[in-house]
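A.B. asks: What follows is the file data-v9.cif, containing mmCIF, C-alpha atoms:
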data_input
#
loop_
_atom_site.label_atom_id
_atom_site.label_comp_id
_atom_site.auth_asym_id
_atom_site.auth_seq_id
_atom_site.Cartn_x
_atom_site.Cartn_y
_atom_site.Cartn_z
CA MET G 1 -33.14 -0.18 2.18
CA SER G 2 -33.65 -2.54 5.06
CA THR G 3 -34.85 -6.01 5.78
CA SER G 4 -38.41 -6.40 6.99
CA GLN G 5 -37.24 -8.51 9.90
CA THR G 6 -34.44 -6.48 11.42
CA ASN G 7 -34.52 -3.07 9.75
CA GLU G 8 -30.75 -3.41 9.45
CA THR G 9 -29.31 -1.50 6.47
CA TRP G 10 -26.90 -3.12 3.97
CA TYR G 11 -24.05 -1.01 5.29
CA ALA G 12 -24.79 -1.92 8.91
CA VAL G 13 -24.68 -5.60 7.97
CA VAL G 14 -21.36 -5.12 6.14
CA ALA G 15 -19.78 -3.28 9.08
CA ARG G 16 -21.01 -5.93 11.52
CA VAL G 17 -19.71 -8.84 9.43
CA LEU G 18 -16.34 -7.14 8.88
CA LYS G 19 -15.93 -6.72 12.64
CA ALA G 20 -17.03 -10.29 13.34
CA ASN G 21 -14.19 -11.42 11.05
CA LYS G 22 -11.63 -9.05 12.63
CA VAL G 23 -11.42 -6.98 9.45
CA THR G 24 -10.85 -3.63 11.14
CA LEU G 25 -8.56 -1.69 8.78
CA VAL G 26 -10.47 0.06 5.99
CA ALA G 27 -8.76 1.93 3.15
CA TYR G 28 -10.99 3.61 0.62
CA VAL G 29 -11.35 6.07 -2.22
CA PRO G 30 -14.88 7.42 -1.84
CA ASP G 31 -18.02 6.80 -3.87
CA ASN G 32 -21.60 7.98 -3.51
CA VAL G 33 -22.95 4.45 -3.14
CA LEU G 34 -20.37 3.58 -0.48
CA ALA G 35 -20.92 6.88 1.36
CA PRO G 36 -23.22 5.52 4.10
CA LEU G 37 -20.84 2.62 4.80
CA ILE G 38 -17.90 5.04 4.89
CA LYS G 39 -19.77 7.31 7.30
CA LEU G 40 -20.64 4.40 9.57
CA ILE G 41 -17.07 3.10 9.63
CA HIS G 42 -15.60 6.53 10.39
CA ALA G 43 -17.97 6.82 13.35
CA ASP G 44 -17.05 3.39 14.74
CA PRO G 45 -13.88 3.43 16.90
CA ASP G 46 -13.34 -0.29 16.26
CA PHE G 47 -12.25 0.56 12.72
CA THR G 48 -9.01 2.20 11.60
CA VAL G 49 -9.76 4.17 8.45
CA VAL G 50 -7.18 5.29 5.89
CA CYS G 51 -8.04 7.63 3.01
CA PRO G 52 -5.38 7.36 0.29
CA ALA G 53 -5.31 9.30 -2.97
CA ARG G 54 -5.59 6.29 -5.28
CA GLU G 55 -7.08 2.80 -5.17
CA GLU G 56 -3.64 1.27 -5.84
CA GLU G 57 -2.49 2.75 -2.56
CA ALA G 58 -5.48 1.26 -0.75
CA VAL G 59 -4.60 -2.16 -2.18
CA ALA G 60 -0.97 -1.87 -1.05
CA ILE G 61 -1.88 -0.56 2.41
CA VAL G 62 -4.23 -3.49 3.01
CA ALA G 63 -1.60 -5.91 1.63
CA GLY G 64 1.07 -4.48 3.94
CA ALA G 65 -1.25 -4.63 6.92
CA TYR G 66 -2.02 -8.30 6.20
CA MET G 67 1.68 -9.11 6.13
CA GLY G 68 1.97 -7.30 9.45
CA GLY G 69 -0.80 -9.44 10.91
CA ARG G 70 -3.82 -7.17 10.56
CA ARG G 71 -6.90 -7.80 8.44
CA GLY G 72 -8.20 -5.04 6.18
CA ILE G 73 -10.37 -4.25 3.19
CA ALA G 74 -10.17 -1.82 0.26
CA LEU G 75 -13.38 -0.03 -0.76
CA MET G 76 -13.75 1.43 -4.24
CA GLN G 77 -16.11 1.91 -7.16
CA THR G 78 -15.88 0.25 -10.58
CA SER G 79 -13.83 3.05 -12.15
CA GLY G 80 -11.40 2.77 -9.25
CA PHE G 81 -11.11 -0.95 -9.80
CA ALA G 82 -10.05 -0.21 -13.37
CA THR G 83 -6.94 1.53 -12.02
CA ILE G 84 -5.59 -1.44 -10.04
CA PRO G 85 -5.04 -4.44 -12.39
CA ASN G 86 -1.25 -4.06 -12.31
CA ALA G 87 -1.20 -4.03 -8.51
CA LEU G 88 -3.39 -7.15 -8.51
CA ALA G 89 -1.32 -8.95 -11.16
CA SER G 90 2.13 -8.07 -9.84
CA LEU G 91 1.57 -7.88 -6.07
CA ILE G 92 -1.62 -9.47 -4.80
CA CYS G 93 -1.83 -12.54 -7.06
CA PRO G 94 1.84 -13.66 -7.20
CA TYR G 95 2.41 -13.13 -3.45
CA GLU G 96 -0.93 -14.86 -2.70
CA ILE G 97 -2.27 -12.08 -0.51
CA PRO G 98 -5.91 -12.35 0.62
CA LEU G 99 -6.87 -8.83 -0.38
CA LEU G 100 -10.52 -8.10 0.36
CA MET G 101 -12.17 -5.65 -2.03
CA MET G 102 -15.65 -4.22 -1.83
CA ILE G 103 -16.61 -2.60 -5.11
CA SER G 104 -19.74 -0.57 -5.64
CA GLU G 105 -20.97 -1.38 -9.13
CA ARG G 106 -21.50 1.72 -11.22
CA GLY G 107 -22.27 1.97 -14.91
CA THR G 108 -25.12 -0.51 -15.04
CA LEU G 109 -28.86 -0.65 -14.35
CA GLY G 110 -29.62 2.99 -14.93
CA ASP G 111 -26.31 4.83 -14.75
CA PHE G 112 -26.38 7.98 -16.88
CA GLN G 113 -22.60 8.38 -17.24
CA LYS G 114 -21.27 6.82 -20.41
CA GLY G 115 -17.73 6.53 -19.03
CA GLN G 116 -19.01 4.59 -16.02
CA ALA G 117 -20.99 2.28 -18.29
CA ILE G 118 -17.95 1.53 -20.47
CA VAL G 119 -15.46 1.03 -17.63
CA CYS G 120 -17.94 -1.19 -15.79
CA ARG G 121 -17.69 -3.74 -18.62
CA THR G 122 -13.95 -4.15 -17.98
CA MET G 123 -14.37 -5.27 -14.37
CA ARG G 124 -15.50 -8.87 -14.71
CA PRO G 125 -13.11 -9.73 -17.58
CA VAL G 126 -10.21 -8.45 -15.44
CA LEU G 127 -11.36 -10.40 -12.38
CA GLN G 128 -11.87 -13.52 -14.48
CA SER G 129 -8.54 -13.26 -16.29
CA LEU G 130 -6.70 -12.92 -12.98
CA GLY G 131 -8.69 -15.79 -11.48
CA ILE G 132 -10.01 -13.65 -8.65
CA GLU G 133 -13.06 -14.86 -6.75
CA HIS G 134 -15.94 -12.41 -7.17
CA PHE G 135 -19.66 -12.22 -6.57
CA ALA G 136 -22.22 -9.48 -7.16
CA ILE G 137 -24.50 -9.19 -4.14
CA GLN G 138 -28.02 -8.37 -5.26
CA ASP G 139 -30.25 -8.51 -2.23
CA MET G 140 -30.32 -8.37 1.53
CA GLY G 141 -31.07 -12.07 1.78
CA GLN G 142 -27.65 -12.87 0.28
CA LEU G 143 -25.62 -10.16 1.91
CA GLU G 144 -24.47 -11.54 5.24
CA PHE G 145 -23.78 -15.04 3.92
CA VAL G 146 -21.81 -13.82 0.90
CA VAL G 147 -19.69 -11.25 2.74
CA ASP G 148 -18.98 -13.58 5.65
CA SER G 149 -18.12 -16.60 3.53
CA MET G 150 -16.03 -14.67 0.99
CA ILE G 151 -13.95 -13.17 3.81
CA LYS G 152 -13.43 -16.57 5.42
CA GLN G 153 -12.52 -18.23 2.13
CA ALA G 154 -10.05 -15.46 1.23
CA PHE G 155 -8.05 -15.87 4.43
CA ALA G 156 -8.35 -19.66 4.46
CA THR G 157 -7.03 -19.94 0.88
CA GLN G 158 -4.69 -16.90 0.77
CA ALA G 159 -6.55 -15.55 -2.25
CA PRO G 160 -8.05 -12.14 -3.02
CA ALA G 161 -11.81 -11.65 -3.15
CA ALA G 162 -14.01 -9.02 -4.79
CA MET G 163 -17.40 -8.40 -3.21
CA ILE G 164 -19.39 -6.42 -5.75
CA LEU G 165 -22.31 -4.35 -4.49
CA SER G 166 -24.93 -4.46 -7.25
CA PRO G 167 -27.40 -1.56 -7.65
CA LEU G 168 -30.01 -4.24 -6.99
CA LEU G 169 -28.76 -4.19 -3.39
CA THR G 170 -27.84 -0.54 -2.95
CA LYS G 171 -30.28 1.35 -5.20
CA ARG G 172 -33.45 -0.69 -5.57
CA VAL G 173 -36.35 0.47 -3.45
CA ALA G 174 -37.49 -2.27 -1.12
CA ALA G 175 -40.48 -4.17 -2.41
CA MET U 1 15.97 22.66 11.68
CA SER U 2 18.82 25.19 11.74
CA ASP U 3 21.35 22.79 10.24
CA VAL U 4 22.46 24.43 6.98
CA LYS U 5 23.19 21.05 5.44
CA ALA U 6 19.66 19.85 6.10
CA GLN U 7 18.29 22.83 4.21
CA SER U 8 20.29 22.02 1.10
CA GLY U 9 18.46 21.04 -2.04
CA ARG U 10 19.13 18.25 -4.50
CA ASN U 11 21.94 20.14 -6.21
CA GLU U 12 23.91 20.50 -2.98
CA ALA U 13 23.70 16.81 -1.97
CA SER U 14 26.73 14.59 -2.59
CA VAL U 15 26.31 11.64 -4.94
CA MET U 16 26.55 8.36 -3.03
CA ASN U 17 26.24 4.66 -3.87
CA ARG U 18 23.02 2.69 -3.29
CA SER U 19 24.69 -0.62 -2.37
CA VAL U 20 26.96 1.08 0.16
CA MET U 21 24.19 3.16 1.69
CA THR U 22 21.77 0.22 1.85
CA GLN U 23 24.38 -1.78 3.76
CA LEU U 24 25.01 1.18 6.07
CA LEU U 25 21.29 1.41 6.80
CA VAL U 26 20.81 -2.32 7.35
CA ASP U 27 23.82 -2.48 9.68
CA LYS U 28 22.07 0.02 11.97
CA LEU U 29 18.93 -2.12 12.33
CA LYS U 30 19.12 -3.91 15.66
CA SER U 31 15.46 -4.18 16.72
CA GLY U 32 13.81 -6.19 13.97
CA GLU U 33 12.86 -3.14 11.93
CA ALA U 34 10.82 -4.01 8.83
CA VAL U 35 12.24 -2.97 5.46
CA ILE U 36 10.24 -2.86 2.22
CA GLY U 37 12.50 -2.87 -0.85
CA GLY U 38 10.83 -1.31 -3.89
CA ILE U 39 10.87 -2.66 -7.43
CA GLY U 40 14.21 -3.32 -9.14
CA ASN U 41 17.52 -2.12 -7.81
CA SER U 42 16.08 -0.95 -4.47
CA ASN U 43 15.13 -4.48 -3.47
CA PHE U 44 18.12 -6.06 -5.25
CA ASP U 45 20.52 -4.09 -3.06
CA LEU U 46 18.41 -4.87 0.01
CA TRP U 47 18.70 -8.56 -0.86
CA ALA U 48 22.46 -8.20 -1.37
CA SER U 49 22.80 -6.55 2.05
CA GLY U 50 21.83 -9.83 3.75
CA GLN U 51 18.46 -11.55 3.76
CA ARG U 52 17.03 -10.37 7.06
CA PRO U 53 13.72 -12.10 7.89
CA GLN U 54 12.11 -8.65 8.30
CA ASN U 55 12.85 -7.69 4.66
CA PHE U 56 10.18 -7.65 1.96
CA TYR U 57 11.23 -7.64 -1.69
CA MET U 58 8.65 -6.02 -3.97
CA LEU U 59 9.20 -7.54 -7.43
CA GLY U 60 6.39 -5.71 -9.30
CA SER U 61 3.76 -3.07 -8.49
CA MET U 62 6.02 -0.08 -9.21
CA GLY U 63 5.34 2.81 -6.84
CA LEU U 64 3.73 0.79 -4.05
CA ALA U 65 6.66 0.25 -1.66
CA THR U 66 5.62 3.22 0.47
CA PRO U 67 1.94 2.26 0.84
CA ILE U 68 2.94 -1.35 1.63
CA ALA U 69 5.25 0.00 4.32
CA LEU U 70 2.42 2.20 5.61
CA GLY U 71 0.20 -0.88 5.91
CA VAL U 72 2.88 -2.76 7.86
CA ALA U 73 3.38 0.31 10.08
CA LEU U 74 -0.35 0.49 10.81
CA ALA U 75 -0.48 -3.22 11.66
CA GLN U 76 2.57 -3.08 13.94
CA PRO U 77 2.80 0.40 15.49
CA GLN U 78 5.59 -0.67 17.86
CA ARG U 79 7.93 -1.64 15.01
CA LYS U 80 9.89 0.84 12.89
CA VAL U 81 9.26 0.36 9.17
CA PHE U 82 11.47 1.55 6.31
CA ALA U 83 10.47 1.85 2.65
CA LEU U 84 13.38 1.90 0.19
CA ASP U 85 12.46 3.09 -3.27
CA GLY U 86 13.78 4.85 -6.36
CA ASP U 87 13.00 8.30 -7.73
CA GLY U 88 11.14 6.93 -10.74
CA SER U 89 9.00 4.75 -8.47
CA ILE U 90 7.93 7.41 -6.00
CA LEU U 91 7.21 9.82 -8.87
CA MET U 92 4.48 7.36 -9.92
CA GLN U 93 2.71 7.51 -6.56
CA LEU U 94 3.23 10.98 -5.09
CA GLY U 95 -0.20 10.91 -3.46
CA ALA U 96 1.17 8.27 -1.10
CA LEU U 97 3.31 10.96 0.52
CA GLY U 98 0.15 12.88 1.40
CA THR U 99 -1.40 9.71 2.80
CA VAL U 100 1.65 9.08 4.99
CA ALA U 101 1.54 12.68 6.21
CA ALA U 102 -2.19 12.51 6.95
CA GLU U 103 -1.74 9.26 8.89
CA VAL U 104 1.11 10.81 10.93
CA SER U 105 2.88 7.45 10.72
CA LYS U 106 5.27 7.77 13.66
CA ASN U 107 7.03 4.49 12.93
CA LEU U 108 7.57 4.98 9.18
CA ALA U 109 10.62 6.21 7.29
CA ILE U 110 10.81 6.52 3.51
CA ILE U 111 14.28 6.36 1.93
CA ILE U 112 14.51 7.41 -1.71
CA TRP U 113 17.52 6.59 -3.92
CA ASP U 114 17.59 9.33 -6.56
CA ASN U 115 19.90 9.00 -9.55
CA GLY U 116 17.54 10.83 -11.88
CA LEU U 117 17.26 7.72 -14.03
CA TYR U 118 15.02 4.80 -14.84
CA GLN U 119 18.25 2.86 -14.43
CA ILE U 120 16.93 -0.65 -14.95
CA THR U 121 15.17 0.07 -18.26
CA GLY U 122 18.11 1.74 -19.97
CA SER U 123 18.83 4.85 -17.90
CA GLN U 124 16.20 7.13 -19.40
CA LYS U 125 15.88 10.36 -17.42
CA THR U 126 13.27 10.79 -14.69
CA LEU U 127 11.65 14.08 -13.71
CA THR U 128 14.25 14.65 -10.99
CA SER U 129 16.77 15.11 -13.81
CA ALA U 130 14.56 17.93 -15.07
CA GLY U 131 14.50 19.64 -11.67
CA ALA U 132 11.77 17.98 -9.61
CA ASP U 133 12.96 18.05 -5.99
CA LEU U 134 11.53 15.09 -4.09
CA VAL U 135 12.28 16.54 -0.67
CA ALA U 136 10.40 19.73 -1.55
CA ILE U 137 7.53 17.56 -2.84
CA ALA U 138 7.48 15.48 0.36
CA LYS U 139 7.50 18.62 2.50
CA GLY U 140 4.72 20.06 0.40
CA ALA U 141 2.74 16.86 0.89
CA GLY U 142 2.97 17.42 4.64
CA ILE U 143 5.96 15.31 5.77
CA ALA U 144 7.74 17.92 7.88
CA GLN U 145 10.82 15.76 8.51
CA SER U 146 11.97 15.57 4.89
CA TYR U 147 15.68 15.89 4.18
CA TRP U 148 18.31 15.46 1.54
CA ALA U 149 21.19 13.40 2.92
CA PHE U 150 24.03 15.83 2.30
CA ASP U 151 26.74 13.18 2.60
CA GLN U 152 27.32 9.78 4.16
CA ALA U 153 27.74 11.10 7.69
CA HIS U 154 24.55 13.11 7.38
CA PHE U 155 22.71 10.05 6.05
CA GLU U 156 23.86 8.05 9.04
CA SER U 157 22.75 10.74 11.47
CA LEU U 158 19.32 10.98 9.81
CA ILE U 159 18.87 7.19 10.01
CA GLU U 160 19.91 7.21 13.66
CA ARG U 161 17.30 9.89 14.35
CA ALA U 162 14.62 7.98 12.41
CA LEU U 163 15.34 4.91 14.55
CA VAL U 164 14.60 6.68 17.83
CA GLU U 165 12.46 9.75 17.04
CA ASP U 166 8.87 9.83 15.84
CA GLY U 167 8.23 9.99 12.08
CA PRO U 168 7.16 10.03 9.45
CA TRP U 169 10.55 10.58 7.85
CA PHE U 170 11.44 11.19 4.23
CA ILE U 171 15.14 10.92 3.46
CA ALA U 172 16.34 11.36 -0.11
CA VAL U 173 19.80 10.24 -1.20
CA ARG U 174 21.46 11.17 -4.47
CA ILE U 175 23.10 8.08 -5.90
CA ASP U 176 25.26 7.10 -8.86
CA ALA U 177 24.29 4.74 -11.69
CA GLU U 178 26.28 1.72 -10.49
CA LYS U 179 24.67 -1.70 -10.80
CA PRO U 180 23.20 -3.31 -7.64
CA ALA U 181 25.35 -5.68 -5.60
CA GLY U 182 23.07 -8.66 -6.24
CA VAL U 183 19.73 -9.84 -7.62
CA THR U 184 16.77 -11.01 -5.55
CA GLU U 185 15.64 -14.63 -5.83
CA ARG U 186 12.23 -14.34 -7.48
CA ASP U 187 9.86 -16.44 -5.38
CA PRO U 188 7.01 -14.15 -4.26
CA VAL U 189 5.21 -16.58 -1.94
CA LYS U 190 8.46 -17.55 -0.20
CA ILE U 191 9.29 -13.85 0.18
CA ARG U 192 5.91 -13.14 1.78
CA LEU U 193 5.97 -16.14 4.13
CA ASN U 194 9.53 -15.38 5.30
CA PHE U 195 8.58 -11.74 5.87
CA MET U 196 5.44 -12.60 7.83
CA GLN U 197 7.38 -15.07 9.94
CA GLY U 198 10.02 -12.39 10.51
CA LEU U 199 7.30 -10.04 11.74
CA GLY U 200 5.58 -12.72 13.81
CA ALA U 201 2.38 -11.98 11.89
CA LYS U 202 -0.67 -14.22 12.20
CA PRO U 203 -3.60 -12.39 10.60
#
Could I get this structure in the form of structure tokens?
C.D. replies:
Amino acid sequence: MSTSQTNETWYAVVARVLKANKVTLVAYVPDNVLAPLIKLIHADPDFTVVCPAREEEAVAIVAGAYMGGRRGIALMQTSGFATIPNALASLICPYEIPLLMMISERGTLGDFQKGQAIVCRTMRPVLQSLGIEHFAIQDMGQLEFVVDSMIKQAFATQAPAAMILSPLLTKRVAA
Amino acid sequence: MSDVKAQSGRNEASVMNRSVMTQLLVDKLKSGEAVIGGIGNSNFDLWASGQRPQNFYMLGSMGLATPIALGVALAQPQRKVFALDGDGSILMQLGALGTVAAEVSKNLAIIIWDNGLYQITGSQKTLTSAGADLVAIAKGAGIAQSYWAFDQAHFESLIERALVEDGPWFIAVRIDAEKPAGVTERDPVKIRLNFMQGLGAKP
């Protein structure tokens, strides 16, 4: 999908905004929806990419890098998010670490996997109960503003942020 | 390595004491090396060894000391980074060893205190008590420089190598079930800010 004005894809916008905010360390566990962003980031020498075995690891790597003075982001899908609440509750939140997360939203708006659909419903209650800022990005018109301002707020307030990529952004055919 | 001692397995390693070995390690750190103390006794003994500004005390998130250390090592490639963790903790996050190997983290050393017990929860047995060999696991994950510390002198020589030679390193130490020499002051934000100041970090 692309905007009519620039033909820039959602993943190109994300990569550009990450770089503009000096977020150059990316740790991810892969996902089909994130695949084009992952491919783009691997091909861009400005990014350092780490591929851990679990999402918890990605969270801790990005947290450690922040404490060492480098900005990073953890990419995951909804089922991956469901594996990290303890790391959020016992590391990220109490130490006030501005962990950036980008979560591709599976299990809604046409997903055919029942497990994805059920685990998806746990994501927002977990984010809300931990008091973590989150926003589901639904269209290209919102994308740059939301990603840019959530990154800036996270570092300014030393608080984690979850940028959720809705299927409305990543799957919907452009009108 | 041709050293017979270095090829020994868990059963051949002497049982040492975590507080003593932590102090030995810390006393060798002269260049602002970062140290990540894992949950429970690993960070309690790090705290008791003297509160260096480059120490981070991980009060929760069991299993994540090594990936935190990897993140610090990636952010500051010129600084040596040590992760100190227990056998029960690393058993929860064995994939992290593969990640460290894949990253070829030259400035990272992982030290594991192995007493075969979840000591802090009532000394229930961990898998190392049933025969899991963490050095064999680390080697299998791709960390070539993985060793059991055969005794105190061997531990010291391995640490001295880790301080000057490229890593990643995985050094496992069999320890007793003695209590730690102190308990960390539980103030997570203060811990993080002190650590970041100690590393001169301004993200």
A.B. asks: Restrict the distance test to all atoms listed in the file, flag each residue of chain G within 6 Å of chain U, and return the flagged residues as a PyMOL selection string.
C.D. replies: chain G and resi 52-53+57+60-62+64-65+67-70+87+90-91+94-95
A.B. asks: Quick one: everything within 8 Å of range 71-85 of chain G, counting all atoms listed in the file, minus sequence neighbours fewer than 3 positions away in the same chain. Send it as a ChimeraX atom specification.
C.D. replies: /G:22-31,34,54-56,58-59,62,65-66,88-89,99-107,116,119-120,122-123,126 /U:203
A.B. asks: Care to translate the PyMOL selection byres ((chain U and resi 142) around 10) into actual residues of this file, as a short mmCIF file (atom, residue, chain, number, x, y, z; two decimals) with C-alpha atoms, in the frame of the given file?
C.D. replies:
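Saved result, part_30.cif, follows:
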data_model
loop_
_atom_site.label_atom_id
_atom_site.label_comp_id
_atom_site.auth_asym_id
_atom_site.auth_seq_id
_atom_site.Cartn_x
_atom_site.Cartn_y
_atom_site.Cartn_z
CA LEU U 97 3.31 10.96 0.52
CA GLY U 98 0.15 12.88 1.40
CA THR U 99 -1.40 9.71 2.80
CA VAL U 100 1.65 9.08 4.99
CA ALA U 101 1.54 12.68 6.21
CA ALA U 102 -2.19 12.51 6.95
CA VAL U 104 1.11 10.81 10.93
CA ALA U 136 10.40 19.73 -1.55
CA ILE U 137 7.53 17.56 -2.84
CA ALA U 138 7.48 15.48 0.36
CA LYS U 139 7.50 18.62 2.50
CA GLY U 140 4.72 20.06 0.40
CA ALA U 141 2.74 16.86 0.89
CA ILE U 143 5.96 15.31 5.77
CA ALA U 144 7.74 17.92 7.88
CA GLN U 145 10.82 15.76 8.51
CA SER U 146 11.97 15.57 4.89
CA PRO U 168 7.16 10.03 9.45
#
A.B. asks: Suppose you want the space between CA of Ile120 in chain U and CA of Arg174 in chain U; what is it in Å?
C.D. replies: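 Those two atoms sit 16.4 Å apart.
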A.B. asks: Translate the PyMOL selection byres ((chain U and resi 83) around 8), as applied to the file shown, into an explicit residue set as a ChimeraX atom specification.
C.D. replies: /U:35-38,65-66,69,81-82,84-85,108-111
A.B. asks: Find the residues around Met150 in chain G up to 12 Å (all atoms listed in the file counted), leave out those fewer than 6 positions away in its own chain, and share them as a PDB file with C-alpha atoms, in the frame of the given file.
C.D. replies:
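Final file, result_5.pdb:
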ATOM      1  CA  VAL G  17     -19.710  -8.840   9.430  1.00  0.00           C
ATOM      2  CA  LEU G  18     -16.340  -7.140   8.880  1.00  0.00           C
ATOM      3  CA  ASN G  21     -14.190 -11.420  11.050  1.00  0.00           C
ATOM      4  CA  PRO G  98      -5.910 -12.350   0.620  1.00  0.00           C
ATOM      5  CA  LEU G  99      -6.870  -8.830  -0.380  1.00  0.00           C
ATOM      6  CA  LEU G 100     -10.520  -8.100   0.360  1.00  0.00           C
ATOM      7  CA  MET G 101     -12.170  -5.650  -2.030  1.00  0.00           C
ATOM      8  CA  MET G 102     -15.650  -4.220  -1.830  1.00  0.00           C
ATOM      9  CA  ILE G 132     -10.010 -13.650  -8.650  1.00  0.00           C
ATOM     10  CA  GLU G 133     -13.060 -14.860  -6.750  1.00  0.00           C
ATOM     11  CA  HIS G 134     -15.940 -12.410  -7.170  1.00  0.00           C
ATOM     12  CA  PHE G 135     -19.660 -12.220  -6.570  1.00  0.00           C
ATOM     13  CA  ALA G 136     -22.220  -9.480  -7.160  1.00  0.00           C
ATOM     14  CA  ILE G 137     -24.500  -9.190  -4.140  1.00  0.00           C
ATOM     15  CA  GLN G 142     -27.650 -12.870   0.280  1.00  0.00           C
ATOM     16  CA  LEU G 143     -25.620 -10.160   1.910  1.00  0.00           C
ATOM     17  CA  GLU G 144     -24.470 -11.540   5.240  1.00  0.00           C
ATOM     18  CA  ALA G 156      -8.350 -19.660   4.460  1.00  0.00           C
ATOM     19  CA  THR G 157      -7.030 -19.940   0.880  1.00  0.00           C
ATOM     20  CA  GLN G 158      -4.690 -16.900   0.770  1.00  0.00           C
ATOM     21  CA  ALA G 159      -6.550 -15.550  -2.250  1.00  0.00           C
ATOM     22  CA  PRO G 160      -8.050 -12.140  -3.020  1.00  0.00           C
ATOM     23  CA  ALA G 161     -11.810 -11.650  -3.150  1.00  0.00           C
ATOM     24  CA  ALA G 162     -14.010  -9.020  -4.790  1.00  0.00           C
ATOM     25  CA  MET G 163     -17.400  -8.400  -3.210  1.00  0.00           C
ATOM     26  CA  ILE G 164     -19.390  -6.420  -5.750  1.00  0.00           C
TER      27      ILE G 164
END
A.B. asks: Any chance you could resolve the PyMOL selection byres ((chain U and resi 158) around 10) against this file and give the residues as a ChimeraX atom specification?
C.D. replies: /U:6,145-149,152-157,159-163,169-171
A.B. asks: Write to file, as a short mmCIF file (atom, residue, chain, number, x, y, z; two decimals), in the frame of the given file, the residues of the selection just made, with C-alpha atoms.
C.D. replies:
data_model
loop_
_atom_site.label_atom_id
_atom_site.label_comp_id
_atom_site.auth_asym_id
_atom_site.auth_seq_id
_atom_site.Cartn_x
_atom_site.Cartn_y
_atom_site.Cartn_z
CA ALA U 6 19.66 19.85 6.10
CA GLN U 145 10.82 15.76 8.51
CA SER U 146 11.97 15.57 4.89
CA TYR U 147 15.68 15.89 4.18
CA TRP U 148 18.31 15.46 1.54
CA ALA U 149 21.19 13.40 2.92
CA GLN U 152 27.32 9.78 4.16
CA ALA U 153 27.74 11.10 7.69
CA HIS U 154 24.55 13.11 7.38
CA PHE U 155 22.71 10.05 6.05
CA GLU U 156 23.86 8.05 9.04
CA SER U 157 22.75 10.74 11.47
CA ILE U 159 18.87 7.19 10.01
CA GLU U 160 19.91 7.21 13.66
CA ARG U 161 17.30 9.89 14.35
CA ALA U 162 14.62 7.98 12.41
CA LEU U 163 15.34 4.91 14.55
CA TRP U 169 10.55 10.58 7.85
CA PHE U 170 11.44 11.19 4.23
CA ILE U 171 15.14 10.92 3.46
#
A.B. asks: At what distance in Å, to one decimal, does CA of Ala12 in chain G lie from CA of Arg121 in chain G?
C.D. replies: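 About the pair CA of Arg121 in chain G and CA of Ala12 in chain G: they are 28.5 Å apart.
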A.B. asks: What separation in Å, quoted to one decimal, exists between CA of Val14 in chain G and CA of Glu96 in chain G?
C.D. replies: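 Separation between CA of Val14 in chain G and CA of Glu96 in chain G: 24.3 Å.
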A.B. asks: Using the file's own x, y and z axes, so that the box edges lie along x, y and z, what centre and edge lengths in Å (one decimal) does a box around every listed atom of range 30-37 of chain U get when 5 Å is added on each side? Give it as JSON.
C.D. replies:
{"center_x": 14.7, "center_y": -4.5, "center_z": 7.9, "size_x": 18.9, "size_y": 13.3, "size_z": 27.6}
